[in-house]
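Asker: Structure provided below as structure tokens; questions to follow.
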Amino acid sequence: MSGVVRVVGLAKHYGNGNALVRAVDDVDLEVATGEAVVITGPSGCGKSTLLHLMGGLDRPDAGEVWIAGRRIDHTSERTRARLRRDNVGFVFQEFHLMEELTAVENVELPALLAGRSSRQARRRATALLEQVGLERQAGHLPSALSGGQKQRVAIARALVNEPAVLLADEPTGSLDSAATIEVLRLFERLRANGQTLVVVTHDQRTAATADRMVGMRDGAFVEDVALGPETASAAQILTAGSRE
């Protein structure tokens, strides 16, 4: 088994008869270690459903899902939860931060739930906040952070258990242009450092953070394009676009 993430013949349907919706329809995808993949397509094409299936948040109606060499689609909910915790980091459009916890407490929480000591969890969370440029905001509550800062805290939280793959679902969808640039620059640094990434977005400009772009429509893949080193950075594209 090669690749950090591998799905084979994946399908997820809703409804029946004339109302049947093929949200994901016989999809195959493999993501190699250290690869950054962006999945693009219009709203409602099945991108988010696919990401949830890949990360074990939902079960497919057919097909297989493999994470870090383990098949997860047929396991119990308890086993899937453990495999998610140990191997997958999630980032969503909405930040899902605990409002009563500080930035560093939000980041360290998954590590504590995974059994790390308070000292280990705090050390890891502090290092990650420094990595995302928020060491000075470690003691701030989410209410004192901007949208871009909240998303960077959420990304640090997703990385705290050193996941094999980071799955991001429309991570810039609720951000303004300046905050979007902040987040995409961070994804570019993660990519350069070898973090495996799968980012779902309707915005093809985000493809500049990736090694590969997969286009999706009506639950199926319609293109799979390797992106070369000549691709401009996401920050350059967005900055140029803001001047037009």
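In the structure tokens, each chain is lettered A, B, ... as it comes, each chain's residues begin at 1, and ligands are numbered from 1 in order of appearance.
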Extract, using only C-alpha atoms, all DNA, RNA and protein residues at most 12 Å from Gln120 of chain A, discarding same-chain residues fewer than 2 positions from it, and format them as a list in words.

Answerer: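 My list of contacting residues is Glu108, Leu109, Pro110, Ala111, Leu112, Ala114, Gly115, Arg116, Ser117, Ser118, Arg122, Arg123, Arg124, Ala125, Thr126, Ala127, Val160 and Asn161 of chain A.
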
Asker: Need the shell around segment 204-217 of chain A: protein/DNA/RNA residues with any atom at most 6 Å away, counting only C-alpha atoms. Skip same-chain ones fewer than 2 positions apart. Format as a short mmCIF file (atom, residue, chain, number, x, y, z; two decimals) with C-alpha atoms, in the first residue's frame?

Answerer:
```
data_model
loop_
_atom_site.label_atom_id
_atom_site.label_comp_id
_atom_site.auth_asym_id
_atom_site.auth_seq_id
_atom_site.Cartn_x
_atom_site.Cartn_y
_atom_site.Cartn_z
CA ALA A 36 -0.16 18.79 -1.67
CA VAL A 37 -3.39 18.25 -3.61
CA VAL A 38 -6.12 20.81 -4.22
CA ILE A 39 -9.61 19.58 -5.15
CA THR A 40 -11.60 22.24 -6.99
CA GLY A 41 -15.05 22.52 -8.45
CA CYS A 45 -20.11 19.06 -6.71
CA GLU A 188 2.82 27.06 1.12
CA GLY A 219 -19.54 13.75 -7.78
CA ALA A 220 -16.80 12.65 -10.18
CA PHE A 221 -13.32 13.78 -11.18
CA VAL A 222 -13.09 15.56 -14.52
CA GLU A 223 -9.38 16.51 -14.51
CA ASP A 224 -6.16 15.72 -12.66
CA VAL A 225 -3.32 18.14 -13.42
CA ALA A 226 0.24 18.22 -12.08
CA LEU A 227 1.36 21.77 -11.24
CA SER A 233 2.55 31.51 -5.43
CA ALA A 234 -0.94 31.91 -4.06
#
```

Asker: Within 10 Å of Ala158 of chain A, counting only C-alpha atoms, which residues qualify if same-chain residues fewer than 2 places away don't, as a PyMOL selection string?

Answerer: chain A and resi 85+88-91+107-108+110-111+152-156+160-163+165-168

Asker: Between atom CA of Ser143 of chain A and atom CA of Leu97 of chain A, what is the spacing in Å?

Answerer: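 One can read the atom CA of Leu97 of chain A to atom CA of Ser143 of chain A distance as 10.0 Å.
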
Asker: Please identify the strand (DSSP E or B) residues within segment 100-244 of chain A (assignment by DSSP from backbone atoms) and present them as a PyMOL selection string.

Answerer: chain A and resi 165-169+197-201+212-217+220-226

Asker: May I have the residues from that selection written out with C-alpha atoms, as a PDB file, in the first residue's frame?

Answerer:
```
ATOM      1  CA  VAL A 165      -2.322  14.221   6.362  1.00  0.00           C
ATOM      2  CA  LEU A 166      -3.963  17.614   6.819  1.00  0.00           C
ATOM      3  CA  LEU A 167      -7.453  17.865   5.265  1.00  0.00           C
ATOM      4  CA  ALA A 168      -8.791  21.392   4.770  1.00  0.00           C
ATOM      5  CA  ASP A 169     -12.360  22.133   3.676  1.00  0.00           C
ATOM      6  CA  LEU A 197      -2.109  18.313   2.316  1.00  0.00           C
ATOM      7  CA  VAL A 198      -5.513  17.891   0.708  1.00  0.00           C
ATOM      8  CA  VAL A 199      -7.331  21.201   0.337  1.00  0.00           C
ATOM      9  CA  VAL A 200     -10.898  21.454  -0.951  1.00  0.00           C
ATOM     10  CA  THR A 201     -11.882  24.795  -2.468  1.00  0.00           C
ATOM     11  CA  ARG A 212      -1.518  18.824  -8.114  1.00  0.00           C
ATOM     12  CA  MET A 213      -5.028  20.036  -8.897  1.00  0.00           C
ATOM     13  CA  VAL A 214      -8.007  17.701  -9.218  1.00  0.00           C
ATOM     14  CA  GLY A 215     -11.212  19.082 -10.740  1.00  0.00           C
ATOM     15  CA  MET A 216     -14.549  17.691  -9.624  1.00  0.00           C
ATOM     16  CA  ARG A 217     -18.070  17.952 -11.052  1.00  0.00           C
ATOM     17  CA  ALA A 220     -16.803  12.647 -10.179  1.00  0.00           C
ATOM     18  CA  PHE A 221     -13.319  13.778 -11.185  1.00  0.00           C
ATOM     19  CA  VAL A 222     -13.089  15.559 -14.516  1.00  0.00           C
ATOM     20  CA  GLU A 223      -9.385  16.513 -14.505  1.00  0.00           C
ATOM     21  CA  ASP A 224      -6.159  15.721 -12.658  1.00  0.00           C
ATOM     22  CA  VAL A 225      -3.319  18.145 -13.422  1.00  0.00           C
ATOM     23  CA  ALA A 226       0.236  18.223 -12.076  1.00  0.00           C
TER      24      ALA A 226
END
```

Asker: Between atom CA of Arg191 of chain A and atom CA of Thr102 of chain A, what is the spacing in Å?

Answerer: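 So the two atoms, atom CA of Thr102 of chain A and atom CA of Arg191 of chain A, lie 27.1 Å apart.
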
Asker: With distances taken over only C-alpha atoms, which of A:Gly133, A:Gly63, A:Pro142, A:Gly173 is nearest to Ala11 of chain A?

Answerer: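 Smallest separation from Ala11 of chain A among the options: A:Gly63.
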
Asker: So the first atom is atom CA of Leu29 of chain A and the second is atom CA of Gly46 of chain A; what is the distance between them in Å, to one decimal place?

Answerer: 14.0 Å

Asker: Run DSSP on the backbone and tell me which residues of segment 30-195 of chain A come out as helix (DSSP H, G or I); list them as a count of residues only.

Answerer: 79

Asker: For Val24 of chain A, list every protein, DNA or RNA residue within 12 Å, evaluated using only C-alpha atoms, and leave out those in the same chain fewer than 4 positions away; present the list as a short mmCIF file (atom, residue, chain, number, x, y, z; two decimals) with N, CA and C atoms, in the first residue's frame.

Answerer:
```
data_model
loop_
_atom_site.label_atom_id
_atom_site.label_comp_id
_atom_site.auth_asym_id
_atom_site.auth_seq_id
_atom_site.Cartn_x
_atom_site.Cartn_y
_atom_site.Cartn_z
N VAL A 7 -8.21 6.26 -1.88
CA VAL A 7 -9.61 5.86 -1.94
C VAL A 7 -9.83 5.14 -3.27
N VAL A 8 -10.64 4.09 -3.22
CA VAL A 8 -10.87 3.23 -4.38
C VAL A 8 -12.37 3.02 -4.57
N GLY A 9 -12.88 3.39 -5.74
CA GLY A 9 -14.28 3.17 -6.05
C GLY A 9 -15.24 3.80 -5.06
N LEU A 10 -14.87 4.96 -4.55
CA LEU A 10 -15.63 5.57 -3.47
C LEU A 10 -16.95 6.14 -3.98
N ALA A 11 -18.03 5.86 -3.23
CA ALA A 11 -19.36 6.35 -3.61
C ALA A 11 -20.14 6.73 -2.37
N LYS A 12 -20.90 7.83 -2.48
CA LYS A 12 -21.81 8.25 -1.43
C LYS A 12 -23.04 8.87 -2.10
N HIS A 13 -24.22 8.28 -1.83
CA HIS A 13 -25.45 8.73 -2.46
C HIS A 13 -26.45 9.16 -1.39
N TYR A 14 -27.30 10.11 -1.75
CA TYR A 14 -28.36 10.56 -0.86
C TYR A 14 -29.70 10.50 -1.62
N LEU A 20 -32.43 10.78 -6.30
CA LEU A 20 -31.10 10.29 -5.94
C LEU A 20 -30.02 11.32 -6.30
N ASP A 28 -11.62 7.40 -7.49
CA ASP A 28 -10.32 6.85 -7.11
C ASP A 28 -9.35 8.02 -6.93
N GLY A 44 -21.49 22.31 -4.39
CA GLY A 44 -22.41 21.20 -4.56
C GLY A 44 -21.91 20.06 -5.42
N CYS A 45 -20.63 20.10 -5.83
CA CYS A 45 -20.11 19.06 -6.71
C CYS A 45 -19.64 17.82 -5.96
N GLY A 46 -19.62 17.85 -4.62
CA GLY A 46 -19.22 16.68 -3.85
C GLY A 46 -17.87 16.80 -3.17
N LYS A 47 -17.23 17.96 -3.25
CA LYS A 47 -15.88 18.12 -2.69
C LYS A 47 -15.84 17.86 -1.18
N SER A 48 -16.72 18.52 -0.46
CA SER A 48 -16.73 18.38 1.00
C SER A 48 -17.11 16.96 1.42
N THR A 49 -18.08 16.37 0.72
CA THR A 49 -18.45 14.99 1.02
C THR A 49 -17.26 14.06 0.85
N LEU A 50 -16.52 14.25 -0.24
CA LEU A 50 -15.33 13.44 -0.48
C LEU A 50 -14.33 13.60 0.64
N LEU A 51 -14.09 14.83 1.08
CA LEU A 51 -13.10 15.07 2.14
C LEU A 51 -13.54 14.41 3.44
N HIS A 52 -14.82 14.48 3.75
CA HIS A 52 -15.33 13.84 4.97
C HIS A 52 -15.17 12.32 4.91
N LEU A 53 -15.38 11.75 3.74
CA LEU A 53 -15.18 10.31 3.57
C LEU A 53 -13.71 9.95 3.70
N MET A 54 -12.84 10.76 3.10
CA MET A 54 -11.40 10.49 3.16
C MET A 54 -10.88 10.52 4.59
N ARG A 59 -19.17 7.47 6.48
CA ARG A 59 -18.92 6.18 5.84
C ARG A 59 -19.40 6.22 4.39
N PRO A 60 -18.66 5.61 3.48
CA PRO A 60 -19.12 5.53 2.09
C PRO A 60 -20.19 4.46 1.91
N ASP A 61 -20.96 4.59 0.85
CA ASP A 61 -21.90 3.53 0.49
C ASP A 61 -21.19 2.40 -0.24
N ALA A 62 -20.08 2.73 -0.88
CA ALA A 62 -19.27 1.72 -1.58
C ALA A 62 -17.84 2.23 -1.66
N GLY A 63 -16.90 1.29 -1.83
CA GLY A 63 -15.50 1.66 -1.99
C GLY A 63 -14.70 1.52 -0.72
N MET A 216 -13.42 18.56 -9.93
CA MET A 216 -14.55 17.69 -9.62
C MET A 216 -15.85 18.32 -10.11
N ARG A 217 -16.75 17.48 -10.63
CA ARG A 217 -18.07 17.95 -11.05
C ARG A 217 -19.05 16.80 -10.93
N ASP A 218 -20.22 17.08 -10.34
CA ASP A 218 -21.29 16.08 -10.21
C ASP A 218 -20.80 14.78 -9.57
N GLY A 219 -19.97 14.91 -8.54
CA GLY A 219 -19.54 13.75 -7.78
C GLY A 219 -18.39 12.97 -8.37
N ALA A 220 -17.87 13.40 -9.51
CA ALA A 220 -16.80 12.65 -10.18
C ALA A 220 -15.65 13.58 -10.54
N PHE A 221 -14.47 13.00 -10.75
CA PHE A 221 -13.32 13.78 -11.18
C PHE A 221 -13.37 14.01 -12.69
#
```

Asker: Using only C-alpha atoms for the distances, tell me which of A:Asn193, A:Thr79, A:Gln93, A:Thr180 is nearest to Gly148 of chain A.

Answerer: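 Closest to Gly148 of chain A, using only C-alpha atoms: A:Thr180.
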
Asker: Between A:Arg119, A:His96, A:Arg189, A:Arg6, single out the one closest to Gln151 of chain A, counting only C-alpha atoms.

Answerer: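 Comparing A:Arg119, A:His96, A:Arg189, A:Arg6 against Gln151 of chain A, the winner is A:His96.
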
Asker: Please provide the set of residues having any atom within 10 Å of Arg80 of chain A, restricted to only C-alpha atoms, with same-chain residues fewer than 2 positions apart removed, written as a PDB file with N, CA and C atoms, in the first residue's frame.

Answerer:
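Contents of around25.pdb, freshly written:
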```pdb
ATOM      1  N   GLY A  55     -11.439  11.425   5.402  1.00  0.00           N
ATOM      2  CA  GLY A  55     -10.963  11.563   6.776  1.00  0.00           C
ATOM      3  C   GLY A  55     -11.702  10.712   7.785  1.00  0.00           C
ATOM      4  N   GLY A  56     -12.651   9.891   7.312  1.00  0.00           N
ATOM      5  CA  GLY A  56     -13.362   9.011   8.223  1.00  0.00           C
ATOM      6  C   GLY A  56     -14.446   9.678   9.038  1.00  0.00           C
ATOM      7  N   LEU A  57     -14.870  10.894   8.642  1.00  0.00           N
ATOM      8  CA  LEU A  57     -15.974  11.547   9.334  1.00  0.00           C
ATOM      9  C   LEU A  57     -17.318  10.959   8.919  1.00  0.00           C
ATOM     10  N   ASP A  58     -17.349  10.313   7.775  1.00  0.00           N
ATOM     11  CA  ASP A  58     -18.572   9.685   7.273  1.00  0.00           C
ATOM     12  C   ASP A  58     -18.190   8.368   6.610  1.00  0.00           C
ATOM     13  N   ARG A  59     -19.165   7.469   6.479  1.00  0.00           N
ATOM     14  CA  ARG A  59     -18.924   6.176   5.841  1.00  0.00           C
ATOM     15  C   ARG A  59     -19.404   6.215   4.388  1.00  0.00           C
ATOM     16  N   ARG A  71      -7.002   0.463   6.399  1.00  0.00           N
ATOM     17  CA  ARG A  71      -8.336   0.671   5.830  1.00  0.00           C
ATOM     18  C   ARG A  71      -9.286   1.081   6.952  1.00  0.00           C
ATOM     19  N   ILE A  72     -10.038   2.187   6.743  1.00  0.00           N
ATOM     20  CA  ILE A  72     -10.851   2.719   7.831  1.00  0.00           C
ATOM     21  C   ILE A  72     -12.348   2.682   7.568  1.00  0.00           C
ATOM     22  N   ASP A  73     -12.775   2.431   6.340  1.00  0.00           N
ATOM     23  CA  ASP A  73     -14.196   2.570   6.035  1.00  0.00           C
ATOM     24  C   ASP A  73     -15.060   1.503   6.671  1.00  0.00           C
ATOM     25  N   HIS A  74     -14.483   0.337   6.981  1.00  0.00           N
ATOM     26  CA  HIS A  74     -15.284  -0.759   7.509  1.00  0.00           C
ATOM     27  C   HIS A  74     -15.071  -0.978   9.007  1.00  0.00           C
ATOM     28  N   THR A  75     -14.363  -0.072   9.664  1.00  0.00           N
ATOM     29  CA  THR A  75     -14.076  -0.231  11.082  1.00  0.00           C
ATOM     30  C   THR A  75     -15.209   0.341  11.936  1.00  0.00           C
ATOM     31  N   SER A  76     -15.166   0.047  13.219  1.00  0.00           N
ATOM     32  CA  SER A  76     -16.140   0.602  14.153  1.00  0.00           C
ATOM     33  C   SER A  76     -15.906   2.104  14.313  1.00  0.00           C
ATOM     34  N   GLU A  77     -16.919   2.801  14.807  1.00  0.00           N
ATOM     35  CA  GLU A  77     -16.784   4.235  15.018  1.00  0.00           C
ATOM     36  C   GLU A  77     -15.648   4.537  15.996  1.00  0.00           C
ATOM     37  N   ARG A  78     -15.500   3.706  17.006  1.00  0.00           N
ATOM     38  CA  ARG A  78     -14.426   3.920  17.987  1.00  0.00           C
ATOM     39  C   ARG A  78     -13.054   3.806  17.336  1.00  0.00           C
ATOM     40  N   ARG A  82     -10.176   6.808  16.648  1.00  0.00           N
ATOM     41  CA  ARG A  82      -8.769   6.713  17.054  1.00  0.00           C
ATOM     42  C   ARG A  82      -7.845   6.934  15.856  1.00  0.00           C
ATOM     43  N   LEU A  83      -8.182   6.337  14.713  1.00  0.00           N
ATOM     44  CA  LEU A  83      -7.354   6.506  13.520  1.00  0.00           C
ATOM     45  C   LEU A  83      -7.369   7.953  13.039  1.00  0.00           C
ATOM     46  N   ARG A  84      -8.529   8.604  13.128  1.00  0.00           N
ATOM     47  CA  ARG A  84      -8.605  10.026  12.779  1.00  0.00           C
ATOM     48  C   ARG A  84      -7.706  10.851  13.695  1.00  0.00           C
ATOM     49  N   ARG A  85      -7.824  10.589  14.986  1.00  0.00           N
ATOM     50  CA  ARG A  85      -7.043  11.354  15.971  1.00  0.00           C
ATOM     51  C   ARG A  85      -5.554  11.213  15.733  1.00  0.00           C
ATOM     52  N   ASP A  86      -5.119  10.009  15.392  1.00  0.00           N
ATOM     53  CA  ASP A  86      -3.691   9.738  15.267  1.00  0.00           C
ATOM     54  C   ASP A  86      -3.111  10.116  13.911  1.00  0.00           C
TER      55      ASP A  86
END
```
